[in-house]
>>> print(open('my_file.pdb').read())   # PDB, C-alpha atoms
ATOM      1  CA  MET A  10     -18.902  37.792 -10.367
ATOM      2  CA  LEU A  11     -19.763  37.805 -14.074
ATOM      3  CA  GLY A  12     -23.534  37.779 -13.506
ATOM      4  CA  PRO A  13     -23.868  40.708 -11.082
ATOM      5  CA  LEU A  14     -21.280  42.817 -12.949
ATOM      6  CA  LEU A  15     -23.095  42.273 -16.227
ATOM      7  CA  ALA A  16     -26.493  43.062 -14.701
ATOM      8  CA  LYS A  17     -25.255  46.274 -13.088
ATOM      9  CA  HIS A  18     -22.920  47.662 -15.747
ATOM     10  CA  GLY A  19     -24.132  46.124 -19.009
ATOM     11  CA  SER A  20     -20.761  44.539 -19.748
ATOM     12  CA  ALA A  21     -18.165  42.530 -17.866
ATOM     13  CA  GLU A  22     -14.922  40.656 -18.403
ATOM     14  CA  VAL A  23     -13.603  38.016 -15.973
ATOM     15  CA  SER A  24     -10.860  35.402 -16.173
ATOM     16  CA  LEU A  25     -11.612  31.714 -16.426
ATOM     17  CA  PRO A  26     -11.762  30.030 -12.984
ATOM     18  CA  GLY A  27      -8.889  28.430 -11.082
ATOM     19  CA  GLY A  28      -9.067  26.819  -7.640
ATOM     20  CA  CYS A  29      -7.930  23.421  -6.415
ATOM     21  CA  ALA A  30      -6.913  20.895  -9.086
ATOM     22  CA  ILE A  31      -9.518  18.341  -8.013
ATOM     23  CA  GLY A  32     -11.249  18.070 -11.367
ATOM     24  CA  SER A  33     -12.699  20.041 -14.238
ATOM     25  CA  ARG A  34     -14.700  23.172 -13.491
ATOM     26  CA  PRO A  35     -16.717  23.829 -16.650
ATOM     27  CA  VAL A  36     -18.256  27.280 -16.988
ATOM     28  CA  ASP A  37     -20.761  26.280 -19.647
ATOM     29  CA  GLN A  38     -23.682  26.377 -17.202
ATOM     30  CA  HIS A  39     -22.779  29.938 -16.230
ATOM     31  CA  ILE A  40     -22.566  30.982 -19.861
ATOM     32  CA  LYS A  41     -25.743  29.214 -20.993
ATOM     33  CA  GLY A  42     -27.696  30.599 -18.037
ATOM     34  CA  LEU A  43     -26.661  34.186 -18.754
ATOM     35  CA  GLN A  44     -27.316  33.702 -22.474
ATOM     36  CA  ALA A  45     -30.856  32.611 -21.569
ATOM     37  CA  LEU A  46     -31.241  36.087 -20.061
ATOM     38  CA  GLY A  47     -30.077  37.739 -23.286
ATOM     39  CA  ALA A  48     -26.339  38.117 -22.716
ATOM     40  CA  GLU A  49     -23.870  38.040 -25.599
ATOM     41  CA  ILE A  50     -20.833  36.077 -24.425
ATOM     42  CA  SER A  51     -17.477  35.116 -25.912
ATOM     43  CA  VAL A  52     -14.427  33.367 -24.464
ATOM     44  CA  GLU A  53     -11.163  34.913 -25.640
ATOM     45  CA  ASN A  54      -7.577  34.506 -24.427
ATOM     46  CA  GLY A  55      -8.561  33.033 -21.079
ATOM     47  CA  PHE A  56     -11.271  35.597 -20.361
ATOM     48  CA  ILE A  57     -15.063  35.486 -20.503
ATOM     49  CA  LYS A  58     -16.489  38.638 -22.075
ATOM     50  CA  ALA A  59     -20.191  39.424 -21.698
ATOM     51  CA  ARG A  60     -22.430  42.235 -22.887
ATOM     52  CA  ALA A  61     -26.138  43.131 -22.614
ATOM     53  CA  GLU A  62     -27.909  46.490 -22.602
ATOM     54  CA  ARG A  63     -30.301  45.036 -20.030
ATOM     55  CA  LEU A  64     -30.853  41.413 -19.216
ATOM     56  CA  LYS A  65     -34.334  40.001 -19.834
ATOM     57  CA  GLY A  66     -36.064  37.447 -17.659
ATOM     58  CA  GLY A  67     -36.158  33.915 -19.062
ATOM     59  CA  ARG A  68     -36.363  30.239 -18.234
ATOM     60  CA  PHE A  69     -33.258  28.121 -17.829
ATOM     61  CA  THR A  70     -32.745  24.500 -16.776
ATOM     62  CA  PHE A  71     -29.274  23.582 -15.556
ATOM     63  CA  ASP A  72     -27.904  20.469 -17.260
ATOM     64  CA  MET A  73     -26.180  19.557 -14.003
ATOM     65  CA  VAL A  74     -26.383  20.859 -10.466
ATOM     66  CA  SER A  75     -23.967  23.772 -10.159
ATOM     67  CA  VAL A  76     -23.658  25.808  -6.968
ATOM     68  CA  THR A  77     -21.667  28.688  -8.408
ATOM     69  CA  GLY A  78     -23.606  28.503 -11.666
ATOM     70  CA  THR A  79     -26.884  28.892  -9.778
ATOM     71  CA  GLU A  80     -25.471  31.771  -7.738
ATOM     72  CA  ASN A  81     -24.097  33.558 -10.800
ATOM     73  CA  VAL A  82     -27.326  33.406 -12.793
ATOM     74  CA  LEU A  83     -29.395  34.200  -9.690
ATOM     75  CA  MET A  84     -27.459  37.401  -9.034
ATOM     76  CA  ALA A  85     -27.905  38.452 -12.652
ATOM     77  CA  ALA A  86     -31.617  37.625 -12.686
ATOM     78  CA  VAL A  87     -32.504  39.858  -9.732
ATOM     79  CA  LEU A  88     -31.776  42.918 -11.908
ATOM     80  CA  ALA A  89     -33.136  41.493 -15.165
ATOM     81  CA  GLU A  90     -36.337  42.848 -16.659
ATOM     82  CA  GLY A  91     -39.257  40.480 -16.008
ATOM     83  CA  THR A  92     -39.447  37.029 -14.457
ATOM     84  CA  THR A  93     -36.724  34.397 -14.490
ATOM     85  CA  VAL A  94     -37.293  30.726 -13.658
ATOM     86  CA  LEU A  95     -34.282  28.536 -12.820
ATOM     87  CA  GLU A  96     -34.875  24.788 -12.883
ATOM     88  CA  ASN A  97     -32.573  22.115 -11.425
ATOM     89  CA  ALA A  98     -30.976  24.852  -9.339
ATOM     90  CA  ALA A  99     -28.501  23.906  -6.630
ATOM     91  CA  MET A 100     -30.107  23.588  -3.189
ATOM     92  CA  GLU A 101     -26.942  24.014  -1.101
ATOM     93  CA  PRO A 102     -27.404  26.181   2.009
ATOM     94  CA  GLU A 103     -24.950  28.710   0.582
ATOM     95  CA  VAL A 104     -27.299  29.308  -2.382
ATOM     96  CA  THR A 105     -30.242  29.815  -0.043
ATOM     97  CA  ASP A 106     -28.155  32.121   2.126
ATOM     98  CA  LEU A 107     -27.232  34.214  -0.910
ATOM     99  CA  ALA A 108     -30.920  34.449  -1.818
ATOM    100  CA  HIS A 109     -31.743  35.651   1.704
ATOM    101  CA  CYS A 110     -29.020  38.289   1.375
ATOM    102  CA  LEU A 111     -30.365  39.475  -1.968
ATOM    103  CA  ILE A 112     -33.893  39.632  -0.556
ATOM    104  CA  ALA A 113     -32.586  41.788   2.298
ATOM    105  CA  LEU A 114     -31.294  44.167  -0.380
ATOM    106  CA  GLY A 115     -34.655  44.313  -2.171
ATOM    107  CA  ALA A 116     -34.637  41.319  -4.533
ATOM    108  CA  LYS A 117     -37.799  39.275  -5.149
ATOM    109  CA  ILE A 118     -37.048  35.534  -5.059
ATOM    110  CA  GLU A 119     -39.313  32.543  -4.449
ATOM    111  CA  GLY A 120     -38.548  28.852  -4.031
ATOM    112  CA  LEU A 121     -35.653  29.204  -1.608
ATOM    113  CA  GLY A 122     -34.192  25.825  -0.657
ATOM    114  CA  THR A 123     -35.767  24.062  -3.654
ATOM    115  CA  ALA A 124     -34.531  23.138  -7.123
ATOM    116  CA  ARG A 125     -36.846  25.719  -8.717
ATOM    117  CA  LEU A 126     -36.148  29.417  -8.170
ATOM    118  CA  VAL A 127     -38.472  32.142  -9.446
ATOM    119  CA  ILE A 128     -36.986  35.636  -9.595
ATOM    120  CA  GLU A 129     -38.933  38.807 -10.344
ATOM    121  CA  GLY A 130     -36.420  41.379 -11.543
ATOM    122  CA  VAL A 131     -36.200  44.780  -9.826
ATOM    123  CA  GLU A 132     -34.780  48.080 -11.040
ATOM    124  CA  ARG A 133     -32.150  48.312  -8.309
ATOM    125  CA  LEU A 134     -30.949  46.892  -5.032
ATOM    126  CA  ASP A 135     -30.476  48.959  -1.888
ATOM    127  CA  GLY A 136     -28.380  48.632   1.247
ATOM    128  CA  GLY A 137     -29.344  46.113   3.896
ATOM    129  CA  ARG A 138     -28.112  43.897   6.693
ATOM    130  CA  HIS A 139     -27.536  40.139   6.515
ATOM    131  CA  ALA A 140     -25.782  37.649   8.799
ATOM    132  CA  VAL A 141     -23.717  35.239   6.704
ATOM    133  CA  LEU A 142     -24.313  31.507   7.169
ATOM    134  CA  PRO A 143     -21.687  29.738   9.322
ATOM    135  CA  ASP A 144     -19.233  27.614   7.334
ATOM    136  CA  ARG A 145     -20.678  24.096   7.489
ATOM    137  CA  ILE A 146     -17.484  22.499   6.134
ATOM    138  CA  GLU A 147     -15.306  24.118   8.798
ATOM    139  CA  THR A 148     -17.888  22.975  11.343
ATOM    140  CA  GLY A 149     -17.762  19.434   9.999
ATOM    141  CA  THR A 150     -13.957  19.406  10.023
ATOM    142  CA  PHE A 151     -13.800  20.215  13.750
ATOM    143  CA  LEU A 152     -16.428  17.578  14.480
ATOM    144  CA  VAL A 153     -14.378  14.940  12.661
ATOM    145  CA  ALA A 154     -11.281  16.059  14.587
ATOM    146  CA  ALA A 155     -13.070  15.373  17.860
ATOM    147  CA  ALA A 156     -14.397  12.039  16.588
ATOM    148  CA  MET A 157     -10.932  10.863  15.525
ATOM    149  CA  THR A 158      -9.292  11.824  18.807
ATOM    150  CA  GLY A 159     -12.023  10.294  20.972
ATOM    151  CA  GLY A 160     -12.793  13.686  22.428
ATOM    152  CA  ARG A 161     -15.655  16.035  23.114
ATOM    153  CA  VAL A 162     -16.262  19.409  21.509
ATOM    154  CA  THR A 163     -19.064  21.974  21.401
ATOM    155  CA  LEU A 164     -19.324  24.223  18.354
ATOM    156  CA  ARG A 165     -21.256  27.431  18.845
ATOM    157  CA  ASN A 166     -22.711  29.757  16.203
ATOM    158  CA  ALA A 167     -23.187  26.639  14.058
ATOM    159  CA  ARG A 168     -26.128  25.553  11.916
ATOM    160  CA  PRO A 169     -26.840  21.862  12.500
ATOM    161  CA  ASP A 170     -29.781  21.987  10.089
ATOM    162  CA  THR A 171     -27.270  22.326   7.215
ATOM    163  CA  LEU A 172     -25.258  19.250   8.267
ATOM    164  CA  ASP A 173     -27.794  16.419   8.388
ATOM    165  CA  ALA A 174     -25.765  14.033   6.188
ATOM    166  CA  VAL A 175     -22.506  14.723   8.042
ATOM    167  CA  LEU A 176     -24.065  14.377  11.492
ATOM    168  CA  ALA A 177     -25.719  11.115  10.452
ATOM    169  CA  LYS A 178     -22.338   9.662   9.428
ATOM    170  CA  LEU A 179     -20.715  10.829  12.653
ATOM    171  CA  ALA A 180     -23.476   9.151  14.645
ATOM    172  CA  GLU A 181     -22.929   6.012  12.559
ATOM    173  CA  ALA A 182     -19.237   6.227  13.496
ATOM    174  CA  GLY A 183     -20.259   6.041  17.155
ATOM    175  CA  ALA A 184     -20.406   9.685  18.178
ATOM    176  CA  ARG A 185     -22.971  10.947  20.645
ATOM    177  CA  ILE A 186     -24.367  14.157  19.164
ATOM    178  CA  GLU A 187     -26.563  16.817  20.736
ATOM    179  CA  THR A 188     -27.781  19.886  18.881
ATOM    180  CA  THR A 189     -29.573  23.127  19.559
ATOM    181  CA  GLU A 190     -30.650  25.711  17.029
ATOM    182  CA  ASP A 191     -27.126  27.174  16.891
ATOM    183  CA  SER A 192     -24.770  24.647  18.497
ATOM    184  CA  ILE A 193     -23.486  21.098  18.062
ATOM    185  CA  THR A 194     -21.882  18.959  20.763
ATOM    186  CA  LEU A 195     -20.042  15.773  19.792
ATOM    187  CA  ASP A 196     -18.789  13.315  22.394
ATOM    188  CA  MET A 197     -16.889  10.125  21.546
ATOM    189  CA  GLN A 198     -16.454   9.266  25.247
ATOM    190  CA  GLY A 199     -12.909   8.098  24.500
ATOM    191  CA  ARG A 200     -14.002   5.471  21.982
ATOM    192  CA  ARG A 201     -12.382   4.667  18.672
ATOM    193  CA  PRO A 202     -14.722   5.569  15.782
ATOM    194  CA  LYS A 203     -16.256   2.956  13.521
ATOM    195  CA  ALA A 204     -15.531   3.062   9.794
ATOM    196  CA  VAL A 205     -18.386   4.378   7.635
ATOM    197  CA  ASN A 206     -19.406   4.065   3.992
ATOM    198  CA  LEU A 207     -20.286   7.234   2.134
ATOM    199  CA  THR A 208     -21.095   8.543  -1.329
ATOM    200  CA  THR A 209     -20.715  12.202  -2.213
ATOM    201  CA  ALA A 210     -23.566  13.947  -4.021
ATOM    202  CA  PRO A 211     -25.188  17.397  -4.249
ATOM    203  CA  TYR A 212     -26.987  18.760  -1.173
ATOM    204  CA  PRO A 213     -28.797  17.512   0.840
ATOM    205  CA  ALA A 214     -26.640  14.384   0.356
ATOM    206  CA  PHE A 215     -23.117  13.989   1.707
ATOM    207  CA  PRO A 216     -20.880  16.921   0.644
ATOM    208  CA  THR A 217     -17.780  16.286  -1.436
ATOM    209  CA  ASP A 218     -15.975  18.904   0.654
ATOM    210  CA  MET A 219     -16.151  16.544   3.668
ATOM    211  CA  GLN A 220     -14.942  13.454   1.805
ATOM    212  CA  ALA A 221     -11.226  13.843   2.590
ATOM    213  CA  GLN A 222     -11.865  14.420   6.296
ATOM    214  CA  PHE A 223     -13.965  11.268   6.586
ATOM    215  CA  MET A 224     -11.355   9.304   4.669
ATOM    216  CA  ALA A 225      -8.860  10.349   7.334
ATOM    217  CA  LEU A 226     -11.316   9.105   9.969
ATOM    218  CA  ASN A 227     -11.738   5.777   8.158
ATOM    219  CA  CYS A 228      -7.948   5.344   8.086
ATOM    220  CA  MET A 229      -7.810   4.928  11.885
ATOM    221  CA  ALA A 230     -11.352   3.677  12.527
ATOM    222  CA  ASP A 231     -12.464   0.186  13.454
ATOM    223  CA  GLY A 232     -13.476  -1.715  10.323
ATOM    224  CA  VAL A 233     -13.582  -1.013   6.601
ATOM    225  CA  GLY A 234     -15.103   2.091   5.030
ATOM    226  CA  VAL A 235     -15.901   2.552   1.335
ATOM    227  CA  VAL A 236     -15.825   6.083  -0.081
ATOM    228  CA  ASN A 237     -17.459   6.826  -3.453
ATOM    229  CA  GLU A 238     -16.664  10.213  -5.002
ATOM    230  CA  THR A 239     -19.231  11.264  -7.618
ATOM    231  CA  ILE A 240     -18.616  15.014  -7.928
ATOM    232  CA  PHE A 241     -14.955  15.502  -8.894
ATOM    233  CA  GLU A 242     -12.897  13.021 -10.864
ATOM    234  CA  ASN A 243      -9.560  13.879  -9.229
ATOM    235  CA  ARG A 244     -10.413  14.179  -5.555
ATOM    236  CA  PHE A 245      -8.375  11.309  -4.148
ATOM    237  CA  MET A 246      -5.016  13.088  -4.282
ATOM    238  CA  HIS A 247      -4.798  12.971  -0.487
ATOM    239  CA  VAL A 248      -4.703   9.161  -0.599
ATOM    240  CA  ASN A 249      -0.989   8.942  -1.394
ATOM    241  CA  GLU A 250      -0.198  11.312   1.457
ATOM    242  CA  LEU A 251      -2.327   9.337   3.913
ATOM    243  CA  LEU A 252      -0.477   6.203   2.796
ATOM    244  CA  ARG A 253       2.757   7.884   3.888
ATOM    245  CA  LEU A 254       1.276   8.024   7.385
ATOM    246  CA  GLY A 255       0.603   4.289   7.351
ATOM    247  CA  ALA A 256      -2.984   4.217   6.092
ATOM    248  CA  ASP A 257      -4.360   1.182   4.257
ATOM    249  CA  ILE A 258      -6.313   2.496   1.261
ATOM    250  CA  GLN A 259      -7.052   0.883  -2.080
ATOM    251  CA  VAL A 260      -8.401   3.064  -4.894
ATOM    252  CA  GLU A 261     -10.519   1.590  -7.672
ATOM    253  CA  GLY A 262     -11.655   4.312 -10.046
ATOM    254  CA  HIS A 263     -13.878   6.706  -8.115
ATOM    255  CA  THR A 264     -14.013   4.402  -5.087
ATOM    256  CA  ALA A 265     -11.568   4.202  -2.171
ATOM    257  CA  ILE A 266     -11.602   1.246   0.219
ATOM    258  CA  CYS A 267     -10.166   2.218   3.606
ATOM    259  CA  ARG A 268      -9.168  -0.432   6.137
ATOM    260  CA  GLY A 269      -8.682   1.109   9.536
ATOM    261  CA  VAL A 270      -5.302   0.580  11.178
ATOM    262  CA  GLU A 271      -4.526   0.594  14.890
ATOM    263  CA  ARG A 272      -2.006   3.408  14.621
ATOM    264  CA  LEU A 273      -0.826   5.970  12.080
ATOM    265  CA  SER A 274       2.775   7.187  12.107
ATOM    266  CA  GLY A 275       3.904  10.777  11.638
ATOM    267  CA  ALA A 276       5.733  11.648   8.410
ATOM    268  CA  PRO A 277       6.382  14.587   6.065
ATOM    269  CA  VAL A 278       3.397  15.015   3.733
ATOM    270  CA  MET A 279       2.253  17.520   1.125
ATOM    271  CA  ALA A 280      -1.122  19.221   0.849
ATOM    272  CA  THR A 281      -2.604  18.910  -2.632
ATOM    273  CA  ASP A 282      -5.798  20.928  -2.225
ATOM    274  CA  LEU A 283      -7.892  22.709   0.385
ATOM    275  CA  ARG A 284      -9.799  19.811   1.944
ATOM    276  CA  ALA A 285      -6.903  17.400   1.501
ATOM    277  CA  SER A 286      -4.790  19.685   3.674
ATOM    278  CA  ALA A 287      -7.438  19.534   6.403
ATOM    279  CA  SER A 288      -7.537  15.742   6.219
ATOM    280  CA  LEU A 289      -3.764  15.579   6.717
ATOM    281  CA  ILE A 290      -4.019  17.756   9.816
ATOM    282  CA  LEU A 291      -6.696  15.439  11.208
ATOM    283  CA  ALA A 292      -4.566  12.385  10.498
ATOM    284  CA  GLY A 293      -1.583  14.106  12.078
ATOM    285  CA  LEU A 294      -3.562  14.681  15.279
ATOM    286  CA  VAL A 295      -3.827  10.924  15.891
ATOM    287  CA  ALA A 296      -0.527   9.773  14.343
ATOM    288  CA  ASP A 297       2.422   8.762  16.513
ATOM    289  CA  GLY A 298       5.248  11.288  16.398
ATOM    290  CA  ASP A 299       5.419  14.480  14.372
ATOM    291  CA  THR A 300       3.679  15.143  11.084
ATOM    292  CA  SER A 301       4.835  18.069   8.938
ATOM    293  CA  ILE A 302       2.570  19.333   6.158
ATOM    294  CA  ASP A 303       3.990  21.310   3.252
ATOM    295  CA  ARG A 304       2.126  23.679   0.890
ATOM    296  CA  ILE A 305      -0.396  24.778   3.507
ATOM    297  CA  TYR A 306      -1.316  27.809   1.419
ATOM    298  CA  HIS A 307      -4.144  25.580   0.221
ATOM    299  CA  LEU A 308      -5.411  25.416   3.804
ATOM    300  CA  ASP A 309      -5.597  29.165   4.297
ATOM    301  CA  ARG A 310      -8.125  29.507   1.476
ATOM    302  CA  GLY A 311     -10.800  27.801   3.580
ATOM    303  CA  TYR A 312      -9.783  27.854   7.244
ATOM    304  CA  GLU A 313      -8.937  30.876   9.370
ATOM    305  CA  ASN A 314      -6.364  30.276  12.118
ATOM    306  CA  ILE A 315      -7.091  26.554  12.239
ATOM    307  CA  GLU A 316      -3.910  25.902  14.207
ATOM    308  CA  GLU A 317      -5.009  28.343  16.915
ATOM    309  CA  LYS A 318      -8.476  26.836  17.164
ATOM    310  CA  LEU A 319      -7.189  23.257  17.347
ATOM    311  CA  GLY A 320      -4.491  24.358  19.773
ATOM    312  CA  ALA A 321      -7.158  25.804  22.062
ATOM    313  CA  LEU A 322      -8.727  22.316  22.121
ATOM    314  CA  GLY A 323      -5.472  20.701  23.195
ATOM    315  CA  ALA A 324      -3.763  19.882  19.900
ATOM    316  CA  ARG A 325       0.009  20.286  19.693
ATOM    317  CA  ILE A 326       0.169  22.109  16.393
ATOM    318  CA  ARG A 327       2.141  25.082  15.155
ATOM    319  CA  ARG A 328       2.790  26.884  11.914
ATOM    320  CA  VAL A 329       6.398  26.863  10.766
ATOM    321  CA  PRO A 330       7.555  30.017   8.916
TER
END
>>> encode(input="my_file.pdb", output="structure tokens")
Amino acid sequence: MLGPLLAKHGSAEVSLPGGCAIGSRPVDQHIKGLQALGAEISVENGFIKARAERLKGGRFTFDMVSVTGTENVLMAAVLAEGTTVLENAAMEPEVTDLAHCLIALGAKIEGLGTARLVIEGVERLDGGRHAVLPDRIETGTFLVAAAMTGGRVTLRNARPDTLDAVLAKLAEAGARIETTEDSITLDMQGRRPKAVNLTTAPYPAFPTDMQAQFMALNCMADGVGVVNETIFENRFMHVNELLRLGADIQVEGHTAICRGVERLSGAPVMATDLRASASLILAGLVADGDTSIDRIYHLDRGYENIEEKLGALGARIRRVP
């Protein structure tokens, strides 16, 4: 929120970011991008303090692809004086969706869906109406659940055009997939999925937020799947918990080698982050016996009533007070 607050009020102070402990979350790209628009920024006592009478349009090239960095600087640039050009911008659908929302409010943005955004600053934004993009990671999680259980599911109000890499891997795993403009149907026809290899990378490549779910799939799939994590350096924390369920996983640096086993066995496990908690639920769906998952507060940050939705599909799952 630093960018839009600074652009609107001329000064802003926000705390340094938190979130899941899956790796470092540097804010340097946020700071450098806003400084390119004329902001004066300091980091003091765990807070980022920024000031600018009015931001000025400028050119900034991100050193690395940053979704939130792109969004932060984009929101600031729409109210900056003059033209701003952002190079090596993140191309994730959520960035494009934000741009569509800003345009609905009166912003002038070109290059949507590309790595180069051109923003012509306006004096003010007005009210408007915008339909928020469906959550592609929640969509992908339910698709993997159906693939692991050999079932069939239709997801409505979805956006298959934002899930090309995920759908391709599900098809590789043996799923029959049909899509319309706003729905996805996956049918495993009772078959056990095949293990798949994957490497996480910025959009449009395979999303890091689906890595844990596919690792759970590989744990019970037919064959060996190799998972390479290139985004976060500490995103294999779910491995030890999957091992408690009987998975066969060997980690070598940023690579996990998963050998599918015939059956997983229920056990008490602990969620370590948002997507890890989802992967443990998926593994629990196919494990023999009961699986109890502790620290599910991670889960609630990214999934609304997941136990009710899975329960409606036939899962025996409940939340314990």
>>> resolve_selection(input="my_file.pdb", expression="the PyMOL selection byres ((chain A and resi 181-189) around 9)", output="list in words")
Ala156, Gly159, Arg168, Pro169, Leu176, Ala177, Lys178, Leu179, Ala180, Glu190, Asp191, Ser192, Ile193, Thr194, Leu195, Asp196, Met197, Gln198, Arg200, Arg201, Pro202, Lys203, Ala204, Val205 and Ala230 of chain A
>>> residues_near_point(input="my_file.pdb", point="(-13.0, 7.3, -5.8)", cutoff="10 Å", atoms="only C-alpha atoms", output="PDB file with C-alpha atoms, in the coordinates of the input")
ATOM      1  CA  THR A 208     -21.095   8.543  -1.329  1.00  0.00           C
ATOM      2  CA  THR A 209     -20.715  12.202  -2.213  1.00  0.00           C
ATOM      3  CA  GLN A 220     -14.942  13.454   1.805  1.00  0.00           C
ATOM      4  CA  VAL A 235     -15.901   2.552   1.335  1.00  0.00           C
ATOM      5  CA  VAL A 236     -15.825   6.083  -0.081  1.00  0.00           C
ATOM      6  CA  ASN A 237     -17.459   6.826  -3.453  1.00  0.00           C
ATOM      7  CA  GLU A 238     -16.664  10.213  -5.002  1.00  0.00           C
ATOM      8  CA  THR A 239     -19.231  11.264  -7.618  1.00  0.00           C
ATOM      9  CA  ILE A 240     -18.616  15.014  -7.928  1.00  0.00           C
ATOM     10  CA  PHE A 241     -14.955  15.502  -8.894  1.00  0.00           C
ATOM     11  CA  GLU A 242     -12.897  13.021 -10.864  1.00  0.00           C
ATOM     12  CA  ASN A 243      -9.560  13.879  -9.229  1.00  0.00           C
ATOM     13  CA  ARG A 244     -10.413  14.179  -5.555  1.00  0.00           C
ATOM     14  CA  PHE A 245      -8.375  11.309  -4.148  1.00  0.00           C
ATOM     15  CA  MET A 246      -5.016  13.088  -4.282  1.00  0.00           C
ATOM     16  CA  VAL A 248      -4.703   9.161  -0.599  1.00  0.00           C
ATOM     17  CA  GLN A 259      -7.052   0.883  -2.080  1.00  0.00           C
ATOM     18  CA  VAL A 260      -8.401   3.064  -4.894  1.00  0.00           C
ATOM     19  CA  GLU A 261     -10.519   1.590  -7.672  1.00  0.00           C
ATOM     20  CA  GLY A 262     -11.655   4.312 -10.046  1.00  0.00           C
ATOM     21  CA  HIS A 263     -13.878   6.706  -8.115  1.00  0.00           C
ATOM     22  CA  THR A 264     -14.013   4.402  -5.087  1.00  0.00           C
ATOM     23  CA  ALA A 265     -11.568   4.202  -2.171  1.00  0.00           C
ATOM     24  CA  ILE A 266     -11.602   1.246   0.219  1.00  0.00           C
TER      25      ILE A 266
END
>>> atom_distance(input="my_file.pdb", atom1="CA of Leu126 in chain A", atom2="CA of Val94 in chain A")
5.8 Å
>>> closest_residue(input="my_file.pdb", among="A:Ala324, A:Leu226, A:Ala285, A:Ile57", to="Tyr306 in chain A", atoms="only C-alpha atoms")
A:Ala285
>>> closest_residue(input="my_file.pdb", among="A:Tyr212, A:Phe223, A:Phe56, A:Tyr312", to="Ala154 in chain A", atoms="all atoms listed in the file")
A:Phe223
>>> resolve_selection(input="my_file.pdb", expression="the PyMOL selection byres ((chain A and resi 46) around 6)", output="list in words")
Leu43, Gln44, Ala45, Gly47, Ala48, Leu64, Lys65, Gly66 and Gly67 of chain A
>>> resolve_selection(input="my_file.pdb", expression="the PyMOL selection byres ((chain A and resi 322) around 12)", output="PDB file with C-alpha atoms, keeping the file's coordinate frame")
ATOM      1  CA  PHE A 151     -13.800  20.215  13.750  1.00  0.00           C
ATOM      2  CA  LEU A 152     -16.428  17.578  14.480  1.00  0.00           C
ATOM      3  CA  ALA A 154     -11.281  16.059  14.587  1.00  0.00           C
ATOM      4  CA  ALA A 155     -13.070  15.373  17.860  1.00  0.00           C
ATOM      5  CA  THR A 158      -9.292  11.824  18.807  1.00  0.00           C
ATOM      6  CA  GLY A 160     -12.793  13.686  22.428  1.00  0.00           C
ATOM      7  CA  ARG A 161     -15.655  16.035  23.114  1.00  0.00           C
ATOM      8  CA  VAL A 162     -16.262  19.409  21.509  1.00  0.00           C
ATOM      9  CA  THR A 163     -19.064  21.974  21.401  1.00  0.00           C
ATOM     10  CA  LEU A 164     -19.324  24.223  18.354  1.00  0.00           C
ATOM     11  CA  LEU A 294      -3.562  14.681  15.279  1.00  0.00           C
ATOM     12  CA  ILE A 315      -7.091  26.554  12.239  1.00  0.00           C
ATOM     13  CA  GLU A 316      -3.910  25.902  14.207  1.00  0.00           C
ATOM     14  CA  GLU A 317      -5.009  28.343  16.915  1.00  0.00           C
ATOM     15  CA  LYS A 318      -8.476  26.836  17.164  1.00  0.00           C
ATOM     16  CA  LEU A 319      -7.189  23.257  17.347  1.00  0.00           C
ATOM     17  CA  GLY A 320      -4.491  24.358  19.773  1.00  0.00           C
ATOM     18  CA  ALA A 321      -7.158  25.804  22.062  1.00  0.00           C
ATOM     19  CA  GLY A 323      -5.472  20.701  23.195  1.00  0.00           C
ATOM     20  CA  ALA A 324      -3.763  19.882  19.900  1.00  0.00           C
ATOM     21  CA  ARG A 325       0.009  20.286  19.693  1.00  0.00           C
ATOM     22  CA  ILE A 326       0.169  22.109  16.393  1.00  0.00           C
TER      23      ILE A 326
END
>>> residues_around(input="my_file.pdb", residues="Met279 in chain A", least_positions_apart="6", cutoff="7 Å", atoms="only C-alpha atoms", output="list in words")
Glu250, Ile302, Asp303 and Arg304 of chain A
>>> residues_near_point(input="my_file.pdb", point="(-25.3, 17.3, -0.9)", cutoff="12 Å", atoms="all atoms listed in the file", output="JSON, numbers by chain")
{"A": [74, 75, 76, 99, 100, 101, 102, 103, 145, 146, 171, 172, 173, 174, 175, 207, 208, 209, 210, 211, 212, 213, 214, 215, 216, 217, 218, 219, 220, 238, 239, 240]}
>>> atom_distance(input="my_file.pdb", atom1="CA of Gly149 in chain A", atom2="CA of Gln222 in chain A")
8.6 Å
